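Note sheet for the following structure.
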Amino acid sequence: MESKKLNWRMLAMMGFTVVWGFGNVVNNYANQGLTVVVSWILILSLYFLPYTLMVGEMGSVFDHKSGGVSSWINSTYGPMIAYLAGWTYWVVHIPYLAQKPQSALVALSWVIFQDGNVIKTINPLFLQSIVLGMFIFFLWLSSKGVNSLKRIGAVAGTSMFFMGILYILLTVAAPSIVGARSATEVWNFKTFMPKFDFAYFTTISMLVFAVGGCEKISPYVKDIENPSKNFPKGMLALAIMVGMSALLGSFAMGIMFNSGNLPPDLKMNGQYYAFKLLGEYYGVGNLLMILYAIANTLGQISGLMFSIDAPLKILIGEGDKNYIPKSFTKTNEFGAPINGYKLTAVLVGILIIIPALGIGDMNNLYNWLLDLNSIVMPLRYLWVFLAYIGLRGLVKNKSLSNASSFKFIKNDKIATLVGVWCFGFTAFACLMGIFPKNIQMFSSEWFFQITLNILTPIVLVGLGLIFPKIAKKTNF
């Protein structure tokens with residue numbers, strides 16, 4: 001049995017695959033250029049490292065639980081707060097689901113046309129109607145228990161991951177191997193120094209969004225050899241791997257793209273531009289770009305189907321029946337929570353169509369939806385830090401906080417303060433992310449975007465307060 005245990009290297013690799021992706025490099029470089037290197041150093045040391053070690057500690061304490069954040073909250077604050085945590089975890093995936101078919105369509109256009117201009121020329125409302133049709137089709141497939149695309153997408157996602165690493169290695173080596181000239185002065189210290197102004201702080205939510213999610217691997221604490229020693233070692237290795245990928249990836253982007261004159265569609269098409277240029281460096285044409293675009297198309301579809309299904313089942317499976325209406329948990333013959341799927345379809349449909357009425361440019365629409373995800377998705381991380389604050393600072397039963405086979409910080413007061421810092425920083429990043437980027441301030445589109453950015457998280461999270469009232473009337 002001991003031979004089947006995970007070692008710290010396996011754990012770190014699992015965490016790296018969950019947390020990191022090439023898109024994190026591209027999106028944050030698009031926001032900040034090469035100044036993102038300093039931002040990465042700050043975010044990794046002051047936020048990501050304590051975040052991963054908190055997760056490690058809580059995973060060890062609650063190793064008898066399913067490992068979900070709602071179980072941690074349930075043990076520290078009770079079932080009502082745990083329900084809200086579970087609801088948040090599910091509902092923040094709504095903007096994510098609205099963007100996945102859009103991203104798949106962009107990737108598919110690169111496979112077919114090998115160019116990023118075709119999508120930008122189509123009327124946004126017409127294009128978003130296609131996106132809605134794609135979403136409904138894959139929602140229907142998920143409701144029928146079709147899982148093959150999820151498995152294919154897992155392979156595609158792994159391929160994308162390794163191609164992202166390959167991109168970094170080949171691009172950093174390109175000046176030496178093929179004599180490629182750097183588009184940015186990568187050896188100029190001033191190129192890397194951010195200007196810490198209002199515009200800068202509106203971009204940090206994308207950095208937080210990029211490094212979040214390591215709590216997904218916490219259930220594996222009990223499967224590790226000597227967890228008190230090897231889990232923190234695995235988490236440190238994860239932080240180092242993410243840090244190296246972020247720093248070298250940003251440096252590689254600086255070689256390819258002029259940090260002071262970035263393409264306005266870099267978020268939407270940057271990954272494909274990068275592999276297209278890489279193919280030109282090494283004389284293989286569009287081959288690498290096409291392979292990446294195919295893998296990304298399948299990966300986006302897989303991510304769409306998985307995120308339709310898994311977060312909803314977690315909410316229903318772990319949620320207290322006192323707070324979730326019985327009708328919401330109804331399943332069809334394939335085990336799909338059909339009423340939950342219907343609510344998902346309504347919310348995602350609204351988020352796909354309404355923005356297209358006020359954002360008249362496809363590139364701006366794509367960027368807005370990506371930025372919205374960076375505002376909404378990190379809301380689920382708040383529950384991780386709240387659970388840690390509860391564990392180390394608020395729980396009256398100290399035997400619970402002493403149950404961990406290792407502790408990130410031994411002193412309860414200092415540990416609580418670090419939890420408060422991470423909670424506050426995440427909330428600040430989400431708040432600053434609300435302000436639209438690269439749009440003329442106080443223009444009609446700026447007001448439209450900021451209104452949606454404020455209303456979307458309020459409405460999505462606020463809907464969770466209605467369910468317990470419905471459950472009280474219908475379940476008993």
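Numbering starts fresh at 1 for the residues of each chain in the structure tokens, the chains themselves are lettered A, B, ... in the order given, and ligands are numbered from 1 as they appear.
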Exercise. If you run DSSP on this backbone, which residues of region 122-361 of chain A come out as helix (DSSP H, G or I), and could you give them as a ChimeraX atom specification?
Worked result: /A:124-143,148-177,189-192,198-201,204-211,214-223,227-256,266-281,287-318,326-329,338-358
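Between Phe425 (chain A) and the residues A:Leu46, A:Leu248, A:Val91, A:Leu304, the shortest atom-to-atom distance, using only C-alpha atoms, involves A:Leu46.
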For this session: Please indicate the distance in Å from CA of Leu238 (chain A) to CA of Met13 (chain A), rounded to one decimal place.
Result: 7.1 Å
Problem set entry | region 409-416 of chain A environment, 9 Å, only C-alpha atoms, sequence neighbours closer than 5 positions dropped, as a list in words | Met54, Tyr388, Ile389, Gly390, Leu391, Arg392, Gly393, Leu394 and Trp421 of chain A
For this session: With a distance cut-off of 8 Å and only C-alpha atoms, select the neighbouring residues of Phe334 (chain A), excluding the residue or stretch itself and same-chain residues fewer than 2 positions from it, and output the selection as a count of residues only.
Result: 6
Exercise. Which residues, written as a VMD selection string, have at least one atom at most 10 Å from Leu127 (chain A), with only C-alpha atoms counted and residues fewer than 3 positions away on the same chain left out?
Worked result: chain A and resid 102 105 119 to 124 130 to 133 352 to 353 356 362
Problem set entry | Exercise: Leu288 (chain A) partners within 7 Å, only C-alpha atoms, chain neighbours under 2 positions left out, as a ChimeraX atom specification | /A:275-276,279,286,290-292
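With only C-alpha atoms as the basis for measurement, A:Lys216 is the residue among A:Lys472, A:Lys195, A:Lys5, A:Lys216 that approaches Pro311 (chain A) most closely.
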For this session: Would you mind listing what lies within 8 Å of Pro436 (chain A) as a PyMOL selection string, with only C-alpha atoms counted and same-chain residues fewer than 6 positions away left out?
Result: chain A and resi 202+368+446+449-450
Exercise. Nearest to Asn363 (chain A): which of A:Gly254, A:Gly270, A:Pro50, A:Pro232 is it, counting only C-alpha atoms?
Worked result: A:Gly270
